[in-house]
Amino acid sequence: MLTITRPAQGPFTPFERLIITGPVLAASLLHALNMSTAYVALPSIQGNLSAAPDQVSWVITAFVVATAVGTILTNVMSQRFGRRRVFLAAILGFTVTSLLCGTAETLGQLVAWRILQGFVSAPLLPISQAIMLDTYPREKHGLAMSIWSMGMIIGPVIGPTVGAMLTEFHDWRSVFFMNIPFGIVAFFAIVATLPKAEVPDRRVDWFGMVTLIVAVVFLQLALDRGERLGWFESTEILVNVSISVMAFYLFTAHCLTTVAPYVNLAIFADRNYLIGLLLIFVFGIAVFASLFILPLFLQNVQGYPVLSAGWVVSARGVGTMVAMVTAGFLADRFPGKYLIIAGLACVGVSNLWMTGWNAEVSLAEVVWVTVINGYGMGMMWVSLTTVTFSTLAPDFRVEAAALFALVRSVGASMGTSVVVSILVRSSQVNYIEMREHIDAFAATALAGTVSVIDPALHTLQRLVIDEARTVAFLNDFVFLVVVAFLGMPLCLLLQRSGRRA
């Protein structure tokens, strides 16, 4: 039975806001945490289920693609069944599929359950964001987004560490089983507290919805599998990209010519929302690609064990938490666009500092640079989610939040694909160029004995491979610097809302 009987858009008392916020935050943390914990469990899953590297990667790819489809359908399902029912179904579905994933006996079963898990849990983030915006008055949206962001951002930050600990001390199945008790608590808490929202009477644009799903699914497949298959040298990637481009063209043309398109074009008349979509795309590239590449640098260049690398990367969460605590305070004193610029500056400058790293960089330096990066990530996220929705009509919030999450997801996938491509190709090119010096050394060392030369050459070759990989990581950091700084001019196009923007 509901303990709060007010309309979904309030107004609520401070106590009512508190008891709504807790369960919503817990639900958003579930999905965000699960997105990253599975990454570190892949080697264990591969060995336990006897899968090849390209096969086990489908555990992640399937979840990402299914989440994109579920995000696209979030607004339609909310309009048809009501926001509260969809949110509860998403929590229940996520909990049940976590149990199924943990009990999977074959890779095929695990991938199938991950597809279902990504699809059913996709509404958690956009609906939870819309709920937070409805629960808090407009002048407190900065505070609301600070609180909501704890689940959205802290999840990917602590996820690798949590996943590494569970895998190290238990097994990969624990990564999924840990979701079950939290899901049960979140479900019954939402049942007791979340008010019902009105269900709008709007016709579904099936053609627009299907073409958008096709475009996003095949784009995600191309991005996730491109590097492994050689990008456009692969027929599969060519087919995926061609289908995605054609479907997106049909979707765009349909939206511009139909009376009631799947995406209400009125939301793009809001300048803050339009610029916010561009900036969240930049955020997805700059931040999530960094979350992916930094642990690899620590493990492959500095030789950190997986668990140690996870603990070091978790320092980013310290900076993020500080940003979230201070963001609401700063939002009352400075326009949001300047806070976003400050966040981008922290992300860009920290990555710029990383371009000078090598295998000898100290732990202390890695930690404080990572804290600065995390602070910029948190500051940008909180300010951006606040400003983007600051001037948008409340009726568009679920639809706008779903599109916002989708663009962020595409940016994250694209950014990860680019940094992986840079890493692989740059490592190869650097090694080929440096190998010439090894050959020159071998030619001048013919006077020595073979038994002496061979170990020396082997050691030198190992050093060259490590150096080539290190330079490749630095090239990735350069790419992230460029992305962060290119996003800054967009912030100046944001306008003030009723108070500050």
# chains A, B, ... in the order shown; residues from 1 in each chain; ligands from 1
$ residues_around --residues "Asn179 in chain A" --least-positions-apart "2" --cutoff "8 Å" --atoms "only C-alpha atoms" --output "ChimeraX atom specification"
/A:30,95,98,175-177,181-183
$ closest_residue --among "A:Asp332, A:Trp58, A:Trp172, A:Leu486" --to "Ala104 in chain A" --atoms "only C-alpha atoms"
A:Trp172
$ residues_around --residues "range 342-357 of chain A" --least-positions-apart "5" --cutoff "6 Å" --atoms "only C-alpha atoms" --output "ChimeraX atom specification"
/A:369,373,376,379-380,474,477,481,484
$ write_last_selection --atoms "C-alpha atoms" --output "CSV table (one decimal), in the first residue's frame"
chain,number,residue,atom,x,y,z
A,369,VAL,CA,45.5,12.7,-11.0
A,373,ASN,CA,39.7,13.3,-13.2
A,376,GLY,CA,35.7,16.7,-13.2
A,379,MET,CA,31.1,18.1,-11.6
A,380,MET,CA,30.3,17.8,-15.3
A,474,LEU,CA,49.7,7.9,-24.1
A,477,PHE,CA,45.2,10.0,-23.4
A,481,VAL,CA,42.3,15.5,-24.0
A,484,ALA,CA,37.3,17.2,-23.5
$ residues_around --residues "Gln129 in chain A" --least-positions-apart "5" --cutoff "12 Å" --atoms "only C-alpha atoms" --output "tab-separated table (two decimals) with all heavy atoms, in the first residue's frame"
chain	number	residue	atom	x	y	z
A	21	THR	N	13.48	9.21	-2.43
A	21	THR	CA	14.83	9.27	-2.99
A	21	THR	C	15.63	8.01	-2.70
A	21	THR	O	16.33	7.49	-3.59
A	21	THR	CB	15.59	10.49	-2.41
A	21	THR	OG1	14.92	11.68	-2.81
A	21	THR	CG2	17.02	10.52	-2.91
A	24	VAL	N	14.78	4.97	-5.01
A	24	VAL	CA	15.09	5.32	-6.40
A	24	VAL	C	16.60	5.31	-6.62
A	24	VAL	O	17.09	4.82	-7.65
A	24	VAL	CB	14.49	6.69	-6.76
A	24	VAL	CG1	14.99	7.18	-8.12
A	24	VAL	CG2	12.96	6.61	-6.78
A	25	LEU	N	17.34	5.86	-5.67
A	25	LEU	CA	18.79	5.87	-5.76
A	25	LEU	C	19.34	4.44	-5.76
A	25	LEU	O	20.25	4.11	-6.53
A	25	LEU	CB	19.39	6.66	-4.60
A	25	LEU	CG	20.91	6.74	-4.55
A	25	LEU	CD1	21.46	7.42	-5.79
A	25	LEU	CD2	21.36	7.48	-3.29
A	27	ALA	N	17.85	1.75	-6.79
A	27	ALA	CA	17.52	1.10	-8.06
A	27	ALA	C	18.45	1.54	-9.18
A	27	ALA	O	18.91	0.73	-9.99
A	27	ALA	CB	16.07	1.40	-8.44
A	28	SER	N	18.77	2.84	-9.24
A	28	SER	CA	19.67	3.33	-10.28
A	28	SER	C	21.09	2.80	-10.07
A	28	SER	O	21.81	2.52	-11.03
A	28	SER	CB	19.68	4.86	-10.30
A	28	SER	OG	20.22	5.39	-9.11
A	29	LEU	N	21.49	2.62	-8.80
A	29	LEU	CA	22.81	2.08	-8.51
A	29	LEU	C	22.93	0.64	-8.97
A	29	LEU	O	24.00	0.21	-9.44
A	29	LEU	CB	23.09	2.17	-7.01
A	29	LEU	CG	24.43	1.60	-6.52
A	29	LEU	CD1	25.59	2.34	-7.17
A	29	LEU	CD2	24.53	1.69	-5.01
A	83	ARG	N	4.47	4.80	-15.55
A	83	ARG	CA	5.87	4.86	-15.14
A	83	ARG	C	6.16	3.98	-13.93
A	83	ARG	O	7.19	3.30	-13.86
A	83	ARG	CB	6.23	6.32	-14.83
A	83	ARG	CG	7.69	6.57	-14.59
A	83	ARG	CD	7.95	8.05	-14.46
A	83	ARG	NE	7.43	8.61	-13.20
A	83	ARG	CZ	7.47	9.89	-12.88
A	83	ARG	NH1	7.98	10.76	-13.74
A	83	ARG	NH2	7.00	10.32	-11.73
A	87	PHE	N	8.79	0.79	-13.85
A	87	PHE	CA	9.93	0.86	-12.96
A	87	PHE	C	10.00	-0.38	-12.06
A	87	PHE	O	11.07	-0.99	-11.88
A	87	PHE	CB	9.83	2.12	-12.11
A	87	PHE	CG	11.12	2.53	-11.46
A	87	PHE	CD1	12.26	2.77	-12.20
A	87	PHE	CD2	11.20	2.69	-10.08
A	87	PHE	CE1	13.44	3.15	-11.61
A	87	PHE	CE2	12.37	3.09	-9.46
A	87	PHE	CZ	13.51	3.30	-10.24
A	123	PRO	N	15.00	0.58	-18.38
A	123	PRO	CA	14.22	1.74	-17.90
A	123	PRO	C	14.67	2.29	-16.55
A	123	PRO	O	14.24	3.38	-16.15
A	123	PRO	CB	12.79	1.19	-17.80
A	123	PRO	CG	12.75	0.02	-18.71
A	123	PRO	CD	14.12	-0.58	-18.62
A	124	LEU	N	15.53	1.59	-15.81
A	124	LEU	CA	15.87	2.02	-14.46
A	124	LEU	C	16.49	3.42	-14.44
A	124	LEU	O	16.10	4.26	-13.62
A	124	LEU	CB	16.84	1.02	-13.81
A	124	LEU	CG	16.25	-0.33	-13.41
A	124	LEU	CD1	17.32	-1.25	-12.86
A	124	LEU	CD2	15.15	-0.13	-12.37
A	134	ASP	N	10.87	15.12	-10.88
A	134	ASP	CA	9.49	15.39	-10.48
A	134	ASP	C	9.37	15.54	-8.97
A	134	ASP	O	8.54	16.32	-8.47
A	134	ASP	CB	8.57	14.24	-10.93
A	134	ASP	CG	8.24	14.32	-12.40
A	134	ASP	OD1	8.50	15.38	-13.00
A	134	ASP	OD2	7.74	13.33	-12.95
A	135	THR	N	10.18	14.82	-8.21
A	135	THR	CA	10.07	14.81	-6.76
A	135	THR	C	10.57	16.11	-6.14
A	135	THR	O	10.02	16.58	-5.13
A	135	THR	CB	10.86	13.62	-6.18
A	135	THR	OG1	10.35	12.40	-6.74
A	135	THR	CG2	10.74	13.57	-4.66
A	136	TYR	N	11.60	16.71	-6.75
A	136	TYR	CA	12.19	17.94	-6.21
A	136	TYR	C	11.72	19.15	-7.02
A	136	TYR	O	11.59	19.06	-8.25
A	136	TYR	CB	13.72	17.86	-6.24
A	136	TYR	CG	14.29	16.91	-5.22
A	136	TYR	CD1	14.24	15.53	-5.43
A	136	TYR	CD2	14.88	17.38	-4.06
A	136	TYR	CE1	14.76	14.64	-4.49
A	136	TYR	CE2	15.41	16.51	-3.11
A	136	TYR	CZ	15.34	15.14	-3.35
A	136	TYR	OH	15.84	14.27	-2.42
A	141	HIS	N	16.70	21.21	-8.34
A	141	HIS	CA	17.09	20.19	-9.31
A	141	HIS	C	18.59	19.90	-9.26
A	141	HIS	O	19.03	18.78	-9.55
A	141	HIS	CB	16.67	20.60	-10.73
A	141	HIS	CG	15.25	20.30	-11.01
A	141	HIS	ND1	14.65	20.53	-12.23
A	141	HIS	CD2	14.27	19.75	-10.22
A	141	HIS	CE1	13.37	20.15	-12.18
A	141	HIS	NE2	13.12	19.68	-10.98
A	144	ALA	N	18.92	17.45	-6.54
A	144	ALA	CA	18.34	16.18	-6.97
A	144	ALA	C	19.28	15.41	-7.89
A	144	ALA	O	19.47	14.20	-7.75
A	144	ALA	CB	16.99	16.42	-7.66
A	145	MET	N	19.89	16.11	-8.85
A	145	MET	CA	20.80	15.46	-9.78
A	145	MET	C	22.11	15.06	-9.09
A	145	MET	O	22.76	14.09	-9.49
A	145	MET	CB	21.07	16.36	-10.97
A	145	MET	CG	19.87	16.52	-11.91
A	145	MET	SD	19.29	14.95	-12.65
A	145	MET	CE	17.98	14.46	-11.51
A	146	SER	N	22.51	15.79	-8.06
A	146	SER	CA	23.69	15.39	-7.30
A	146	SER	C	23.45	14.05	-6.62
A	146	SER	O	24.31	13.16	-6.63
A	146	SER	CB	24.03	16.45	-6.25
A	146	SER	OG	24.39	17.67	-6.84
A	147	ILE	N	22.26	13.91	-6.03
A	147	ILE	CA	21.93	12.67	-5.33
A	147	ILE	C	21.79	11.52	-6.33
A	147	ILE	O	22.34	10.43	-6.14
A	147	ILE	CB	20.63	12.85	-4.52
A	147	ILE	CG1	20.83	13.93	-3.45
A	147	ILE	CG2	20.21	11.53	-3.88
A	147	ILE	CD1	19.55	14.32	-2.74
A	148	TRP	N	21.04	11.77	-7.40
A	148	TRP	CA	20.82	10.71	-8.40
A	148	TRP	C	22.13	10.28	-9.05
A	148	TRP	O	22.34	9.10	-9.35
A	148	TRP	CB	19.85	11.23	-9.46
A	148	TRP	CG	19.60	10.25	-10.57
A	148	TRP	CD1	18.84	9.11	-10.51
A	148	TRP	CD2	20.12	10.30	-11.90
A	148	TRP	NE1	18.85	8.47	-11.72
A	148	TRP	CE2	19.62	9.19	-12.59
A	148	TRP	CE3	20.93	11.21	-12.57
A	148	TRP	CZ2	19.92	8.93	-13.93
A	148	TRP	CZ3	21.24	10.96	-13.91
A	148	TRP	CH2	20.74	9.84	-14.58
A	149	SER	N	23.04	11.22	-9.24
A	149	SER	CA	24.30	10.93	-9.90
A	149	SER	C	25.17	9.98	-9.08
A	149	SER	O	26.08	9.34	-9.63
A	149	SER	CB	25.07	12.23	-10.17
A	149	SER	OG	24.34	13.06	-11.06
A	150	MET	N	24.93	9.91	-7.78
A	150	MET	CA	25.71	9.00	-6.95
A	150	MET	C	25.55	7.57	-7.46
A	150	MET	O	26.52	6.80	-7.51
A	150	MET	CB	25.26	9.09	-5.49
A	150	MET	CG	25.64	10.39	-4.83
A	150	MET	SD	25.14	10.42	-3.08
A	150	MET	CE	25.59	12.10	-2.64
A	151	GLY	N	24.33	7.21	-7.85
A	151	GLY	CA	24.12	5.87	-8.40
A	151	GLY	C	24.67	5.72	-9.80
A	151	GLY	O	25.29	4.72	-10.14
A	152	MET	N	24.48	6.76	-10.61
A	152	MET	CA	24.87	6.70	-12.01
A	152	MET	C	26.37	6.69	-12.19
A	152	MET	O	26.91	5.98	-13.05
A	152	MET	CB	24.25	7.92	-12.73
A	152	MET	CG	24.56	7.98	-14.21
A	152	MET	SD	23.99	6.54	-15.08
A	152	MET	CE	25.36	6.31	-16.21
A	382	VAL	N	26.76	16.16	-12.85
A	382	VAL	CA	25.70	16.77	-12.05
A	382	VAL	C	25.21	18.06	-12.69
A	382	VAL	O	23.99	18.29	-12.83
A	382	VAL	CB	26.20	17.05	-10.61
A	382	VAL	CG1	25.15	17.82	-9.82
A	382	VAL	CG2	26.54	15.75	-9.90
A	385	THR	N	23.31	17.28	-16.15
A	385	THR	CA	21.97	16.73	-16.01
A	385	THR	C	20.99	17.76	-15.45
A	385	THR	O	19.79	17.72	-15.75
A	385	THR	CB	21.98	15.50	-15.08
A	385	THR	OG1	22.67	15.82	-13.86
A	385	THR	CG2	22.68	14.33	-15.74
A	386	THR	N	21.49	18.70	-14.67
A	386	THR	CA	20.63	19.76	-14.14
A	386	THR	C	20.27	20.76	-15.22
A	386	THR	O	19.09	21.09	-15.43
A	386	THR	CB	21.32	20.48	-12.97
A	386	THR	OG1	21.65	19.53	-11.96
A	386	THR	CG2	20.41	21.54	-12.38
A	389	PHE	N	17.87	19.64	-18.33
A	389	PHE	CA	16.44	19.52	-18.10
A	389	PHE	C	15.85	20.75	-17.41
A	389	PHE	O	14.67	20.75	-17.05
A	389	PHE	CB	16.16	18.28	-17.25
A	389	PHE	CG	16.51	16.99	-17.94
A	389	PHE	CD1	17.78	16.47	-17.88
A	389	PHE	CD2	15.55	16.31	-18.67
A	389	PHE	CE1	18.11	15.29	-18.51
A	389	PHE	CE2	15.86	15.12	-19.32
A	389	PHE	CZ	17.14	14.61	-19.24
A	397	ARG	N	9.70	14.64	-19.70
A	397	ARG	CA	10.86	14.20	-18.93
A	397	ARG	C	11.24	12.74	-19.15
A	397	ARG	O	12.42	12.41	-19.29
A	397	ARG	CB	10.64	14.47	-17.44
A	397	ARG	CG	10.92	15.93	-17.08
A	397	ARG	CD	10.62	16.23	-15.64
A	397	ARG	NE	10.87	17.64	-15.36
A	397	ARG	CZ	10.35	18.29	-14.33
A	397	ARG	NH1	9.55	17.65	-13.48
A	397	ARG	NH2	10.61	19.56	-14.15
A	398	VAL	N	10.29	11.82	-19.18
A	398	VAL	CA	10.63	10.41	-19.38
A	398	VAL	C	11.21	10.20	-20.77
A	398	VAL	O	12.24	9.54	-20.96
A	398	VAL	CB	9.40	9.51	-19.17
A	398	VAL	CG1	9.73	8.07	-19.55
A	398	VAL	CG2	8.92	9.58	-17.73
A	399	GLU	N	10.55	10.78	-21.79
A	399	GLU	CA	11.03	10.67	-23.17
A	399	GLU	C	12.42	11.28	-23.31
A	399	GLU	O	13.33	10.69	-23.91
A	399	GLU	CB	10.05	11.36	-24.11
A	399	GLU	CG	10.44	11.32	-25.57
A	399	GLU	CD	9.40	11.98	-26.46
A	399	GLU	OE1	8.41	12.51	-25.92
A	399	GLU	OE2	9.59	11.97	-27.69
A	400	ALA	N	12.59	12.48	-22.73
A	400	ALA	CA	13.87	13.18	-22.85
A	400	ALA	C	14.97	12.45	-22.08
A	400	ALA	O	16.11	12.36	-22.54
A	400	ALA	CB	13.73	14.61	-22.32
A	401	ALA	N	14.64	11.89	-20.91
A	401	ALA	CA	15.64	11.17	-20.12
A	401	ALA	C	16.06	9.89	-20.83
A	401	ALA	O	17.24	9.50	-20.78
A	401	ALA	CB	15.08	10.84	-18.73
A	402	ALA	N	15.13	9.21	-21.50
A	402	ALA	CA	15.47	7.99	-22.24
A	402	ALA	C	16.41	8.30	-23.41
A	402	ALA	O	17.40	7.59	-23.63
A	402	ALA	CB	14.20	7.32	-22.76
A	403	LEU	N	16.13	9.38	-24.14
A	403	LEU	CA	17.00	9.77	-25.25
A	403	LEU	C	18.36	10.22	-24.74
A	403	LEU	O	19.41	9.94	-25.35
A	403	LEU	CB	16.33	10.89	-26.05
A	403	LEU	CG	17.04	11.33	-27.34
A	403	LEU	CD1	17.22	10.15	-28.29
A	403	LEU	CD2	16.25	12.45	-28.02
A	404	PHE	N	18.36	10.92	-23.61
A	404	PHE	CA	19.59	11.37	-22.98
A	404	PHE	C	20.48	10.16	-22.62
A	404	PHE	O	21.69	10.16	-22.89
A	404	PHE	CB	19.23	12.15	-21.71
A	404	PHE	CG	20.35	12.89	-21.05
A	404	PHE	CD1	20.86	14.06	-21.58
A	404	PHE	CD2	20.90	12.42	-19.87
A	404	PHE	CE1	21.88	14.75	-20.96
A	404	PHE	CE2	21.93	13.10	-19.23
A	404	PHE	CZ	22.42	14.28	-19.78
A	405	ALA	N	19.87	9.13	-22.04
A	405	ALA	CA	20.61	7.92	-21.67
A	405	ALA	C	21.10	7.18	-22.90
A	405	ALA	O	22.21	6.62	-22.91
A	405	ALA	CB	19.72	7.00	-20.82
$ atom_distance --atom1 "CA of Ser427 in chain A" --atom2 "CA of Gly284 in chain A"
24.3 Å
$ atom_distance --atom1 "CA of Leu116 in chain A" --atom2 "CA of Gly163 in chain A"
20.7 Å
$ atom_distance --atom1 "CA of Ala468 in chain A" --atom2 "CA of Val312 in chain A"
23.6 Å
$ closest_residue --among "A:Ala41, A:Ile267, A:Ile127, A:Leu490" --to "Gly82 in chain A" --atoms "only C-alpha atoms"
A:Ile127
$ residues_around --residues "range 214-225 of chain A" --least-positions-apart "5" --cutoff "9 Å" --atoms "only C-alpha atoms" --output "PyMOL selection string"
chain A and resi 54+57+60-62+64-66+68-69+209+230-231+236-249+251+406+410+413-414+416-418
$ write_last_selection --atoms "C-alpha atoms" --output "PDB file, in the first residue's frame"
ATOM      1  CA  ASP A  54      35.811 -13.305 -28.929  1.00  0.00           C
ATOM      2  CA  SER A  57      32.979 -10.704 -25.101  1.00  0.00           C
ATOM      3  CA  ILE A  60      29.197  -7.469 -22.444  1.00  0.00           C
ATOM      4  CA  THR A  61      28.095  -6.823 -26.031  1.00  0.00           C
ATOM      5  CA  ALA A  62      24.734  -8.544 -25.528  1.00  0.00           C
ATOM      6  CA  VAL A  64      24.937  -3.183 -24.076  1.00  0.00           C
ATOM      7  CA  VAL A  65      22.870  -3.809 -27.210  1.00  0.00           C
ATOM      8  CA  ALA A  66      19.837  -5.042 -25.252  1.00  0.00           C
ATOM      9  CA  ALA A  68      19.962   0.279 -25.973  1.00  0.00           C
ATOM     10  CA  VAL A  69      16.796  -1.418 -27.234  1.00  0.00           C
ATOM     11  CA  MET A 209      10.488   3.112 -33.049  1.00  0.00           C
ATOM     12  CA  GLY A 230      39.266  -5.498 -38.446  1.00  0.00           C
ATOM     13  CA  TRP A 231      36.630  -2.788 -38.903  1.00  0.00           C
ATOM     14  CA  GLU A 236      30.060  -8.236 -40.921  1.00  0.00           C
ATOM     15  CA  ILE A 237      31.051  -4.691 -39.935  1.00  0.00           C
ATOM     16  CA  LEU A 238      30.249  -3.341 -43.411  1.00  0.00           C
ATOM     17  CA  VAL A 239      26.793  -4.918 -43.269  1.00  0.00           C
ATOM     18  CA  ASN A 240      26.156  -3.635 -39.737  1.00  0.00           C
ATOM     19  CA  VAL A 241      27.162  -0.062 -40.605  1.00  0.00           C
ATOM     20  CA  SER A 242      25.156  -0.063 -43.860  1.00  0.00           C
ATOM     21  CA  ILE A 243      22.004  -1.262 -42.101  1.00  0.00           C
ATOM     22  CA  SER A 244      22.495   1.266 -39.293  1.00  0.00           C
ATOM     23  CA  VAL A 245      22.956   4.199 -41.684  1.00  0.00           C
ATOM     24  CA  MET A 246      19.937   3.232 -43.775  1.00  0.00           C
ATOM     25  CA  ALA A 247      17.712   2.716 -40.719  1.00  0.00           C
ATOM     26  CA  PHE A 248      18.788   6.033 -39.209  1.00  0.00           C
ATOM     27  CA  TYR A 249      18.051   7.801 -42.500  1.00  0.00           C
ATOM     28  CA  PHE A 251      14.001   7.228 -38.942  1.00  0.00           C
ATOM     29  CA  LEU A 406      20.681   6.478 -25.187  1.00  0.00           C
ATOM     30  CA  VAL A 410      26.281   5.478 -27.857  1.00  0.00           C
ATOM     31  CA  SER A 413      30.473   2.677 -26.904  1.00  0.00           C
ATOM     32  CA  MET A 414      32.017   4.872 -29.581  1.00  0.00           C
ATOM     33  CA  THR A 416      35.603   2.792 -25.981  1.00  0.00           C
ATOM     34  CA  SER A 417      35.881   1.512 -29.560  1.00  0.00           C
ATOM     35  CA  VAL A 418      38.101   4.423 -30.568  1.00  0.00           C
TER      36      VAL A 418
END
$ residues_around --residues "Val322 in chain A" --least-positions-apart "4" --cutoff "12 Å" --atoms "only C-alpha atoms" --output "ChimeraX atom specification"
/A:146,150,154,315-318,326-330,371-379,382
$ select_by_dssp --residues "range 127-246 of chain A" --states "helix (DSSP H, G or I)" --output "ChimeraX atom specification"
/A:127-135,138-169,173-177,179-193,206-229,231-233,235-246
$ residues_around --residues "Leu166 in chain A" --least-positions-apart "2" --cutoff "12 Å" --atoms "only C-alpha atoms" --output "list in words"
Thr37, Ala38, Val40, Ala41, Ser44, Gly159, Pro160, Thr161, Val162, Gly163, Ala164, Glu168, Phe169, His170, Asp171, Trp172, Arg173, Ser174, Val175, Phe176, Phe177, Met178, Val306, Leu307 and Gly310 of chain A
$ closest_residue --among "A:Leu494, A:Leu423, A:Val313, A:Met434" --to "Phe479 in chain A" --atoms "only C-alpha atoms"
A:Leu423
